[in-house]
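**Q** Take a look at this one; I'll ask things after.
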Amino acid sequence: MSNDSQNTKKTLLSGVKPTGRPHIGNYFGAMKQFVDLQDSNNCFFMIADYHAVTTVQNKKELQDNILGVALDYLAIGIDPSKSIVFQQSAILEHMELSWIFDCITTMPYLMRAHAFKDAEAKNKEINVGTFNYPMLMAADILLYNPDIVPVGQDQKQHVEITRDTAEKFNRIFGDTFKIPEPTILKDAGVIPGTDGQKMSKSYNNTIPLFATDEEITKAVMKIVTDSSGNKPMNVYNIHLPIYNALHGETASLDALYEANAGKYKVLKDALVADLIAFIGPLREKRAALEQNLDSVKAILKAGAEKAKAVAESKMTEVREKVGVTL
Ligand code: TYM
């Protein structure tokens with residue numbers, strides 16, 4: 001029995017970019033799945049710190065953010081005795097493989113990536129790292145042979161690009177990479193922010209996952225209410241995942257919203273109370289872990305050693321297939 005279950009265990013890899021505080025969109029879109037999946041899979045959870053350098057270009061801020069994601073992972077329940085938690089930059093093979101992928105990918109193909117198109121539409125000056133971002137992400141994933149990559153809806157295209165890139169490499173150099181599947185949490189979709197757009201640090205519309213009670217209240221009061229239907233959907237769509245996390249996946253908020261139709265203040269107060277009930281214990285756990293940063297750093301070091309063994313072996317195979325070994 002135990003042998004069977006070991007043989008059927010799948011490999012899973014995912015990551016979070018250390019660009020600031022995580023929000024409840026990150027949690028319900030991806031991080032919650034990490035915790036749910038770690039018992040039945042071989043898991044790699046990465047801190048995508050080189051991805052963050054596309055936007056965070058300040059030493060202290062980046063260092064704080066990296067340790068911050070490590071604390072976040074541990075506080076939500078990722079268990080380093082079950083899962084490998086590591087820093088992307090500790091494994092140089094990510095950069096090496098991403099260069100090889102750059103060489104087999106065309107510019108017009110990468111120009112179709114949503115993140116690039118969004119930045120271009122906003123007339124942002126786009127750095128080369130942002131343009132090549134999906135290639136580094138493909139390397140992150142393919143080095144570890146994962147079967148599944150749990151991500152939020154907004155990262156689905158990146159996993160599709162990873163699949164295309166693996167197929168292209170396999171076609172050119174011979175069968176090397178396993179083709180991974182994205183896993184989007186059912187019904188999680190895109191968690192909206194306080195303005196109804198996708199919750200995102202870059203839109204300034206987030207509810208931080210470890211927010212203080214004051215921050216929670218302030219963010220909820222900022223939610224733009226839509227008066228066209230009888231439910232304020234921007235409130236409801238944030239409330240539902242929180243409510244389900246507290247009361248079970250099938251619990252329904254409909255009775256509360258129907259009984260209080262049009263009473264936006266009552267509904268927002270109910271959302272604040274549920275957010276506080278949900279976030280409070282997570283915040284306490286994170287604060288306790290923060291008292292011992294040395295042990296957090298030791299977890300990252302041990303994780304990097306295990307991740308490196310896997311990445312090195314894959315990269316040895318890749319170098320041979322490409323022809324740089326004589
Ligand atoms: P990042 O750090 O932007 O987001 C981390 C995870 O949170 C999900 N997410 C959301 N889900 C639902 N609703 C939202 N409003 C929302 N906002 C964010 C994201 O989909 C993501 O799963 N490129 C990745 C990091 C990365 C990675 C990887 C992930 C680098 N390499 C390899 C998986 C595998 C990113 O920027 O995630």
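Identifiers in the structure tokens: chain A, B, ... in order shown; residue index from 1 per chain; ligand index from 1 in order shown.
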Please, which residues in chain A fall within 8 Å of ligand 1 when counting only C-alpha atoms and all ligand atoms, and what is the closest atom pair and distance in Å to one decimal for each, ordered by chain then residue number, as JSON lines?
**A**
```
{"residue": "A:Leu13", "atom": "CA", "partner": "ligand 1", "partner_atom_place_in_ligand_line": "34 (C)", "distance": 6.0}
{"residue": "A:Ser14", "atom": "CA", "partner": "ligand 1", "partner_atom_place_in_ligand_line": "33 (C)", "distance": 3.8}
{"residue": "A:Gly15", "atom": "CA", "partner": "ligand 1", "partner_atom_place_in_ligand_line": "29 (C)", "distance": 3.9}
{"residue": "A:Val16", "atom": "CA", "partner": "ligand 1", "partner_atom_place_in_ligand_line": "2 (O)", "distance": 3.7}
{"residue": "A:Lys17", "atom": "CA", "partner": "ligand 1", "partner_atom_place_in_ligand_line": "2 (O)", "distance": 3.7}
{"residue": "A:Pro18", "atom": "CA", "partner": "ligand 1", "partner_atom_place_in_ligand_line": "2 (O)", "distance": 6.6}
{"residue": "A:Thr19", "atom": "CA", "partner": "ligand 1", "partner_atom_place_in_ligand_line": "2 (O)", "distance": 7.2}
{"residue": "A:Pro22", "atom": "CA", "partner": "ligand 1", "partner_atom_place_in_ligand_line": "2 (O)", "distance": 7.7}
{"residue": "A:His23", "atom": "CA", "partner": "ligand 1", "partner_atom_place_in_ligand_line": "17 (N)", "distance": 7.5}
{"residue": "A:Ile24", "atom": "CA", "partner": "ligand 1", "partner_atom_place_in_ligand_line": "14 (C)", "distance": 7.6}
{"residue": "A:Gly25", "atom": "CA", "partner": "ligand 1", "partner_atom_place_in_ligand_line": "14 (C)", "distance": 3.8}
{"residue": "A:Asn26", "atom": "CA", "partner": "ligand 1", "partner_atom_place_in_ligand_line": "7 (O)", "distance": 3.4}
{"residue": "A:Tyr27", "atom": "CA", "partner": "ligand 1", "partner_atom_place_in_ligand_line": "7 (O)", "distance": 6.4}
{"residue": "A:Phe28", "atom": "CA", "partner": "ligand 1", "partner_atom_place_in_ligand_line": "12 (C)", "distance": 6.2}
{"residue": "A:Gly29", "atom": "CA", "partner": "ligand 1", "partner_atom_place_in_ligand_line": "11 (N)", "distance": 3.3}
{"residue": "A:Ala30", "atom": "CA", "partner": "ligand 1", "partner_atom_place_in_ligand_line": "22 (O)", "distance": 4.6}
{"residue": "A:Met31", "atom": "CA", "partner": "ligand 1", "partner_atom_place_in_ligand_line": "6 (C)", "distance": 6.6}
{"residue": "A:Met46", "atom": "CA", "partner": "ligand 1", "partner_atom_place_in_ligand_line": "28 (C)", "distance": 7.3}
{"residue": "A:Ile47", "atom": "CA", "partner": "ligand 1", "partner_atom_place_in_ligand_line": "30 (C)", "distance": 7.7}
{"residue": "A:Ala48", "atom": "CA", "partner": "ligand 1", "partner_atom_place_in_ligand_line": "30 (C)", "distance": 5.0}
{"residue": "A:His51", "atom": "CA", "partner": "ligand 1", "partner_atom_place_in_ligand_line": "30 (C)", "distance": 6.4}
{"residue": "A:Tyr133", "atom": "CA", "partner": "ligand 1", "partner_atom_place_in_ligand_line": "23 (N)", "distance": 7.7}
{"residue": "A:Pro134", "atom": "CA", "partner": "ligand 1", "partner_atom_place_in_ligand_line": "23 (N)", "distance": 7.7}
{"residue": "A:Leu136", "atom": "CA", "partner": "ligand 1", "partner_atom_place_in_ligand_line": "31 (N)", "distance": 7.1}
{"residue": "A:Met137", "atom": "CA", "partner": "ligand 1", "partner_atom_place_in_ligand_line": "31 (N)", "distance": 4.2}
{"residue": "A:Ala138", "atom": "CA", "partner": "ligand 1", "partner_atom_place_in_ligand_line": "32 (C)", "distance": 7.0}
{"residue": "A:Asp140", "atom": "CA", "partner": "ligand 1", "partner_atom_place_in_ligand_line": "32 (C)", "distance": 5.3}
{"residue": "A:Ile141", "atom": "CA", "partner": "ligand 1", "partner_atom_place_in_ligand_line": "32 (C)", "distance": 5.3}
{"residue": "A:Val149", "atom": "CA", "partner": "ligand 1", "partner_atom_place_in_ligand_line": "34 (C)", "distance": 6.1}
{"residue": "A:Pro150", "atom": "CA", "partner": "ligand 1", "partner_atom_place_in_ligand_line": "22 (O)", "distance": 6.6}
{"residue": "A:Val151", "atom": "CA", "partner": "ligand 1", "partner_atom_place_in_ligand_line": "22 (O)", "distance": 3.4}
{"residue": "A:Gly152", "atom": "CA", "partner": "ligand 1", "partner_atom_place_in_ligand_line": "20 (O)", "distance": 3.0}
{"residue": "A:Gln153", "atom": "CA", "partner": "ligand 1", "partner_atom_place_in_ligand_line": "20 (O)", "distance": 5.5}
{"residue": "A:Asp154", "atom": "CA", "partner": "ligand 1", "partner_atom_place_in_ligand_line": "20 (O)", "distance": 4.8}
{"residue": "A:Gln155", "atom": "CA", "partner": "ligand 1", "partner_atom_place_in_ligand_line": "20 (O)", "distance": 4.5}
{"residue": "A:Lys156", "atom": "CA", "partner": "ligand 1", "partner_atom_place_in_ligand_line": "20 (O)", "distance": 7.3}
{"residue": "A:His158", "atom": "CA", "partner": "ligand 1", "partner_atom_place_in_ligand_line": "23 (N)", "distance": 7.4}
{"residue": "A:Val159", "atom": "CA", "partner": "ligand 1", "partner_atom_place_in_ligand_line": "34 (C)", "distance": 7.5}
{"residue": "A:Ala188", "atom": "CA", "partner": "ligand 1", "partner_atom_place_in_ligand_line": "12 (C)", "distance": 6.6}
{"residue": "A:Gly189", "atom": "CA", "partner": "ligand 1", "partner_atom_place_in_ligand_line": "12 (C)", "distance": 6.0}
{"residue": "A:Val190", "atom": "CA", "partner": "ligand 1", "partner_atom_place_in_ligand_line": "13 (N)", "distance": 3.8}
{"residue": "A:Ile191", "atom": "CA", "partner": "ligand 1", "partner_atom_place_in_ligand_line": "13 (N)", "distance": 3.8}
{"residue": "A:Pro192", "atom": "CA", "partner": "ligand 1", "partner_atom_place_in_ligand_line": "15 (N)", "distance": 5.6}
{"residue": "A:Gly193", "atom": "CA", "partner": "ligand 1", "partner_atom_place_in_ligand_line": "15 (N)", "distance": 6.8}
{"residue": "A:Lys198", "atom": "CA", "partner": "ligand 1", "partner_atom_place_in_ligand_line": "15 (N)", "distance": 4.7}
{"residue": "A:Met199", "atom": "CA", "partner": "ligand 1", "partner_atom_place_in_ligand_line": "15 (N)", "distance": 3.8}
{"residue": "A:Ser200", "atom": "CA", "partner": "ligand 1", "partner_atom_place_in_ligand_line": "17 (N)", "distance": 5.6}
```
**Q** Write out as a list of chain:residue names which residues come within 7 Å of region 288-302 of chain A when counting only C-alpha atoms, dropping same-chain ones fewer than 3 positions away.
**A**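 Contacts, with the query itself left out: A:Leu71, A:Pro80, A:Val85, A:Phe86, A:Gln87, A:Glu284, A:Lys285, A:Glu305, A:Lys306.
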**Q** Neighbouring residues of Val322 (chain A) were defined as those with any atom within 10 Å, considering only C-alpha atoms; residues of the same chain fewer than 2 positions away were excluded. Please report them as a list of chain:residue names.
**A**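 Result of the neighbour search: A:Ile100, A:Phe169, A:Ile172, A:Phe173, A:Gly174, A:Glu317, A:Val318, A:Arg319, A:Glu320, A:Val324, A:Thr325.
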**Q** Would you mind listing what lies within 10 Å of Thr176 (chain A) as a PyMOL selection string, with only C-alpha atoms counted and same-chain residues fewer than 4 positions away left out?
**A** chain A and resi 142+145+166-167+169-171+314+317-318+321
**Q** For region 253-270 of chain A, list every protein, DNA or RNA residue within 8 Å, evaluated using only C-alpha atoms, and leave out those in the same chain fewer than 6 positions away; present the list as an mmCIF file with all heavy atoms, in the first residue's frame.
**A**
```cif
data_model
loop_
_atom_site.group_PDB
_atom_site.id
_atom_site.type_symbol
_atom_site.label_atom_id
_atom_site.label_comp_id
_atom_site.auth_asym_id
_atom_site.auth_seq_id
_atom_site.Cartn_x
_atom_site.Cartn_y
_atom_site.Cartn_z
ATOM 1 N N VAL A 220 -11.717 47.061 2.753
ATOM 2 C CA VAL A 220 -13.105 46.668 2.459
ATOM 3 C C VAL A 220 -13.969 47.914 2.231
ATOM 4 O O VAL A 220 -14.807 47.936 1.322
ATOM 5 C CB VAL A 220 -13.677 45.780 3.588
ATOM 6 C CG1 VAL A 220 -15.179 45.568 3.415
ATOM 7 C CG2 VAL A 220 -12.949 44.437 3.620
ATOM 8 N N MET A 221 -13.750 48.958 3.025
ATOM 9 C CA MET A 221 -14.564 50.164 2.850
ATOM 10 C C MET A 221 -14.286 50.813 1.490
ATOM 11 O O MET A 221 -15.095 51.545 0.963
ATOM 12 C CB MET A 221 -14.339 51.156 3.999
ATOM 13 C CG MET A 221 -14.840 50.615 5.349
ATOM 14 S SD MET A 221 -16.538 49.934 5.257
ATOM 15 C CE MET A 221 -16.523 48.657 6.511
ATOM 16 N N THR A 225 -18.843 49.592 -4.899
ATOM 17 C CA THR A 225 -20.065 48.787 -4.963
ATOM 18 C C THR A 225 -20.821 49.114 -6.244
ATOM 19 O O THR A 225 -20.897 50.256 -6.664
ATOM 20 C CB THR A 225 -20.969 49.042 -3.743
ATOM 21 O OG1 THR A 225 -21.003 50.425 -3.495
ATOM 22 C CG2 THR A 225 -20.464 48.317 -2.525
ATOM 23 N N SER A 227 -24.323 49.174 -8.006
ATOM 24 C CA SER A 227 -25.718 49.213 -7.550
ATOM 25 C C SER A 227 -26.690 48.684 -8.605
ATOM 26 O O SER A 227 -27.890 48.743 -8.419
ATOM 27 C CB SER A 227 -26.086 50.648 -7.155
ATOM 28 O OG SER A 227 -25.744 51.507 -8.210
ATOM 29 N N ASN A 230 -28.951 43.228 -7.371
ATOM 30 C CA ASN A 230 -29.295 43.306 -5.946
ATOM 31 C C ASN A 230 -28.163 42.798 -5.044
ATOM 32 O O ASN A 230 -28.262 42.844 -3.842
ATOM 33 C CB ASN A 230 -30.629 42.612 -5.644
ATOM 34 C CG ASN A 230 -30.559 41.139 -5.962
ATOM 35 O OD1 ASN A 230 -29.557 40.688 -6.535
ATOM 36 N ND2 ASN A 230 -31.590 40.388 -5.600
ATOM 37 N N LYS A 231 -27.086 42.307 -5.670
ATOM 38 C CA LYS A 231 -25.920 41.889 -4.881
ATOM 39 C C LYS A 231 -24.743 42.792 -5.253
ATOM 40 O O LYS A 231 -24.477 42.941 -6.455
ATOM 41 C CB LYS A 231 -25.516 40.473 -5.308
ATOM 42 C CG LYS A 231 -25.904 39.390 -4.361
ATOM 43 C CD LYS A 231 -25.280 38.085 -4.845
ATOM 44 C CE LYS A 231 -26.107 36.912 -4.402
ATOM 45 N NZ LYS A 231 -25.831 35.703 -5.153
ATOM 46 N N PRO A 232 -24.027 43.364 -4.285
ATOM 47 C CA PRO A 232 -22.810 44.090 -4.671
ATOM 48 C C PRO A 232 -21.723 43.064 -5.025
ATOM 49 O O PRO A 232 -21.063 42.523 -4.141
ATOM 50 C CB PRO A 232 -22.456 44.894 -3.419
ATOM 51 C CG PRO A 232 -23.120 44.175 -2.296
ATOM 52 C CD PRO A 232 -24.241 43.360 -2.835
ATOM 53 N N VAL A 235 -18.170 42.990 -3.627
ATOM 54 C CA VAL A 235 -18.063 42.558 -2.223
ATOM 55 C C VAL A 235 -18.239 41.033 -2.172
ATOM 56 O O VAL A 235 -17.441 40.308 -1.572
ATOM 57 C CB VAL A 235 -19.130 43.255 -1.339
ATOM 58 C CG1 VAL A 235 -19.004 42.809 0.121
ATOM 59 C CG2 VAL A 235 -19.031 44.774 -1.450
ATOM 60 N N LEU A 240 -16.972 35.382 -0.935
ATOM 61 C CA LEU A 240 -17.269 33.955 -1.085
ATOM 62 C C LEU A 240 -16.081 33.023 -0.765
ATOM 63 O O LEU A 240 -16.240 32.097 0.048
ATOM 64 C CB LEU A 240 -17.841 33.671 -2.482
ATOM 65 C CG LEU A 240 -18.419 32.268 -2.656
ATOM 66 C CD1 LEU A 240 -19.552 32.004 -1.651
ATOM 67 C CD2 LEU A 240 -18.908 32.045 -4.076
ATOM 68 N N TYR A 243 -15.499 33.092 2.949
ATOM 69 C CA TYR A 243 -16.588 32.425 3.659
ATOM 70 C C TYR A 243 -16.445 30.901 3.555
ATOM 71 O O TYR A 243 -16.579 30.172 4.541
ATOM 72 C CB TYR A 243 -17.912 32.895 3.054
ATOM 73 C CG TYR A 243 -19.106 32.596 3.920
ATOM 74 C CD1 TYR A 243 -19.366 33.345 5.064
ATOM 75 C CD2 TYR A 243 -19.964 31.548 3.593
ATOM 76 C CE1 TYR A 243 -20.457 33.064 5.866
ATOM 77 C CE2 TYR A 243 -21.061 31.266 4.397
ATOM 78 C CZ TYR A 243 -21.304 32.022 5.526
ATOM 79 O OH TYR A 243 -22.380 31.740 6.322
#
```
**Q** Show me, as a PDB file with N, CA, C and O atoms, in the first residue's frame, the residues that have an atom within 10 Å of Ile76 (chain A) when counting only C-alpha atoms, minus same-chain residues fewer than 2 positions from it.
**A**
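Once written, around.pdb looks like this:
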```
ATOM      1  N   TYR A  27      -3.408  33.940  -2.480  1.00  0.00           N
ATOM      2  CA  TYR A  27      -3.711  32.809  -1.603  1.00  0.00           C
ATOM      3  C   TYR A  27      -4.763  31.887  -2.224  1.00  0.00           C
ATOM      4  O   TYR A  27      -4.524  30.690  -2.410  1.00  0.00           O
ATOM      5  N   MET A  31      -1.735  29.769  -3.565  1.00  0.00           N
ATOM      6  CA  MET A  31      -1.020  29.285  -2.375  1.00  0.00           C
ATOM      7  C   MET A  31      -1.824  28.291  -1.539  1.00  0.00           C
ATOM      8  O   MET A  31      -1.267  27.364  -0.949  1.00  0.00           O
ATOM      9  N   LYS A  32      -3.137  28.461  -1.509  1.00  0.00           N
ATOM     10  CA  LYS A  32      -3.970  27.534  -0.735  1.00  0.00           C
ATOM     11  C   LYS A  32      -3.839  26.110  -1.310  1.00  0.00           C
ATOM     12  O   LYS A  32      -3.787  25.132  -0.568  1.00  0.00           O
ATOM     13  N   PHE A  34      -1.262  24.907  -2.681  1.00  0.00           N
ATOM     14  CA  PHE A  34       0.044  24.345  -2.316  1.00  0.00           C
ATOM     15  C   PHE A  34      -0.111  23.499  -1.048  1.00  0.00           C
ATOM     16  O   PHE A  34       0.399  22.391  -0.957  1.00  0.00           O
ATOM     17  N   VAL A  35      -0.797  24.078  -0.073  1.00  0.00           N
ATOM     18  CA  VAL A  35      -0.944  23.396   1.219  1.00  0.00           C
ATOM     19  C   VAL A  35      -1.806  22.147   1.047  1.00  0.00           C
ATOM     20  O   VAL A  35      -1.471  21.071   1.547  1.00  0.00           O
ATOM     21  N   LEU A  71       8.420  33.283   4.840  1.00  0.00           N
ATOM     22  CA  LEU A  71       7.542  33.332   6.027  1.00  0.00           C
ATOM     23  C   LEU A  71       6.086  33.065   5.644  1.00  0.00           C
ATOM     24  O   LEU A  71       5.360  32.358   6.345  1.00  0.00           O
ATOM     25  N   ASP A  72       5.686  33.638   4.509  1.00  0.00           N
ATOM     26  CA  ASP A  72       4.301  33.431   4.049  1.00  0.00           C
ATOM     27  C   ASP A  72       4.032  31.940   3.812  1.00  0.00           C
ATOM     28  O   ASP A  72       3.017  31.401   4.243  1.00  0.00           O
ATOM     29  N   TYR A  73       4.959  31.304   3.097  1.00  0.00           N
ATOM     30  CA  TYR A  73       4.802  29.876   2.799  1.00  0.00           C
ATOM     31  C   TYR A  73       4.621  29.087   4.106  1.00  0.00           C
ATOM     32  O   TYR A  73       3.733  28.247   4.227  1.00  0.00           O
ATOM     33  N   LEU A  74       5.523  29.365   5.060  1.00  0.00           N
ATOM     34  CA  LEU A  74       5.484  28.580   6.302  1.00  0.00           C
ATOM     35  C   LEU A  74       4.228  28.909   7.106  1.00  0.00           C
ATOM     36  O   LEU A  74       3.593  28.024   7.676  1.00  0.00           O
ATOM     37  N   ILE A  78       2.789  25.465   4.686  1.00  0.00           N
ATOM     38  CA  ILE A  78       3.717  24.617   3.929  1.00  0.00           C
ATOM     39  C   ILE A  78       4.729  24.056   4.919  1.00  0.00           C
ATOM     40  O   ILE A  78       5.299  24.788   5.733  1.00  0.00           O
ATOM     41  N   ASP A  79       4.917  22.754   4.837  1.00  0.00           N
ATOM     42  CA  ASP A  79       5.707  22.058   5.847  1.00  0.00           C
ATOM     43  C   ASP A  79       7.030  21.598   5.212  1.00  0.00           C
ATOM     44  O   ASP A  79       7.028  20.726   4.331  1.00  0.00           O
ATOM     45  N   LEU A 209      -2.751  39.380   2.493  1.00  0.00           N
ATOM     46  CA  LEU A 209      -3.079  38.127   3.187  1.00  0.00           C
ATOM     47  C   LEU A 209      -2.809  38.208   4.687  1.00  0.00           C
ATOM     48  O   LEU A 209      -3.462  37.536   5.469  1.00  0.00           O
ATOM     49  N   PRO A 281      -5.463  34.416  12.693  1.00  0.00           N
ATOM     50  CA  PRO A 281      -4.569  33.314  13.091  1.00  0.00           C
ATOM     51  C   PRO A 281      -3.353  33.174  12.174  1.00  0.00           C
ATOM     52  O   PRO A 281      -2.247  32.844  12.641  1.00  0.00           O
ATOM     53  N   LEU A 282      -3.519  33.444  10.869  1.00  0.00           N
ATOM     54  CA  LEU A 282      -2.376  33.362   9.949  1.00  0.00           C
ATOM     55  C   LEU A 282      -1.330  34.408  10.312  1.00  0.00           C
ATOM     56  O   LEU A 282      -0.123  34.148  10.310  1.00  0.00           O
ATOM     57  N   ARG A 283      -1.832  35.604  10.636  1.00  0.00           N
ATOM     58  CA  ARG A 283      -0.952  36.722  10.989  1.00  0.00           C
ATOM     59  C   ARG A 283      -0.133  36.387  12.237  1.00  0.00           C
ATOM     60  O   ARG A 283       1.064  36.630  12.306  1.00  0.00           O
ATOM     61  N   LYS A 285       0.650  33.411  13.358  1.00  0.00           N
ATOM     62  CA  LYS A 285       1.639  32.366  13.078  1.00  0.00           C
ATOM     63  C   LYS A 285       2.858  32.970  12.377  1.00  0.00           C
ATOM     64  O   LYS A 285       4.012  32.643  12.697  1.00  0.00           O
ATOM     65  N   ARG A 286       2.592  33.885  11.454  1.00  0.00           N
ATOM     66  CA  ARG A 286       3.698  34.516  10.723  1.00  0.00           C
ATOM     67  C   ARG A 286       4.577  35.343  11.672  1.00  0.00           C
ATOM     68  O   ARG A 286       5.811  35.313  11.590  1.00  0.00           O
TER      69      ARG A 286
END
```
**Q** Val224 (chain A): which residues within 8 Å, counting only C-alpha atoms, same-chain residues fewer than 6 positions away excluded, as a PyMOL selection string?
**A** chain A and resi 194-196+234
**Q** Would you output that residue set with all heavy atoms, as a tab-separated table (two decimals), in the first residue's frame?
**A**
```
chain	number	residue	atom	x	y	z
A	194	THR	N	-10.37	45.38	-4.94
A	194	THR	CA	-11.39	46.28	-4.37
A	194	THR	C	-12.05	47.14	-5.45
A	194	THR	O	-13.10	47.73	-5.21
A	194	THR	CB	-10.75	47.19	-3.31
A	194	THR	OG1	-9.61	47.84	-3.88
A	194	THR	CG2	-10.30	46.41	-2.09
A	195	ASP	N	-11.45	47.20	-6.65
A	195	ASP	CA	-12.06	47.97	-7.73
A	195	ASP	C	-12.75	47.08	-8.76
A	195	ASP	O	-13.21	47.55	-9.79
A	195	ASP	CB	-11.01	48.85	-8.42
A	195	ASP	CG	-9.86	48.00	-8.98
A	195	ASP	OD1	-9.88	46.76	-8.79
A	195	ASP	OD2	-8.96	48.58	-9.60
A	196	GLY	N	-12.78	45.76	-8.50
A	196	GLY	CA	-13.46	44.85	-9.42
A	196	GLY	C	-12.55	44.28	-10.50
A	196	GLY	O	-12.86	43.27	-11.12
A	234	ASN	N	-18.77	43.05	-6.30
A	234	ASN	CA	-17.36	43.23	-5.90
A	234	ASN	C	-17.13	42.81	-4.45
A	234	ASN	O	-16.04	42.39	-4.08
A	234	ASN	CB	-16.90	44.69	-6.09
A	234	ASN	CG	-16.80	45.07	-7.55
A	234	ASN	OD1	-16.78	44.20	-8.42
A	234	ASN	ND2	-16.77	46.38	-7.81
```
**Q** Could you pull out the residues in region 33-248 of chain A that DSSP calls strand (DSSP E) from the backbone, as a list in words?
**A**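 Secondary structure check on region 33-248 of chain A, strand (DSSP E): Asn41, Asn42, Cys43, Phe44, Phe45, Met46, Ile47, Ser83, Ile84, Val85, Phe86, Gln87, Ile148, Val149, Pro150, Glu181, Pro182 and Thr183 of chain A.
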**Q** Go through A:Ala277, A:Lys168, A:Pro182, A:Met233 and flag the residue nearest Ile216 (chain A), using only C-alpha atoms for the distances.
**A**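 Under the stated criterion, the closest residue is A:Ala277.
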**Q** So, counting only C-alpha atoms, which residue among A:Glu125, A:Glu181, A:Glu93, A:Asp226 is closest to Pro146 (chain A)?
**A**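 Result for the nearest residue to Pro146 (chain A): A:Glu181.
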**Q** Tell me, which residues of region 67-196 of chain A carry DSSP helix (DSSP H, G or I), written as a PyMOL selection string?
**A** chain A and resi 67-76+88-90+93-104+107-110+114-121+128-142+153-173
**Q** What does the structure give for the distance between CA of Ala90 (chain A) and CA of Tyr50 (chain A), in Å to one decimal?
**A** 9.9 Å
**Q** Which residue, A:Glu160, A:Glu312, A:Asp175, A:Glu120, has the smallest gap to Leu92 (chain A) when you use only C-alpha atoms?
**A** A:Glu312
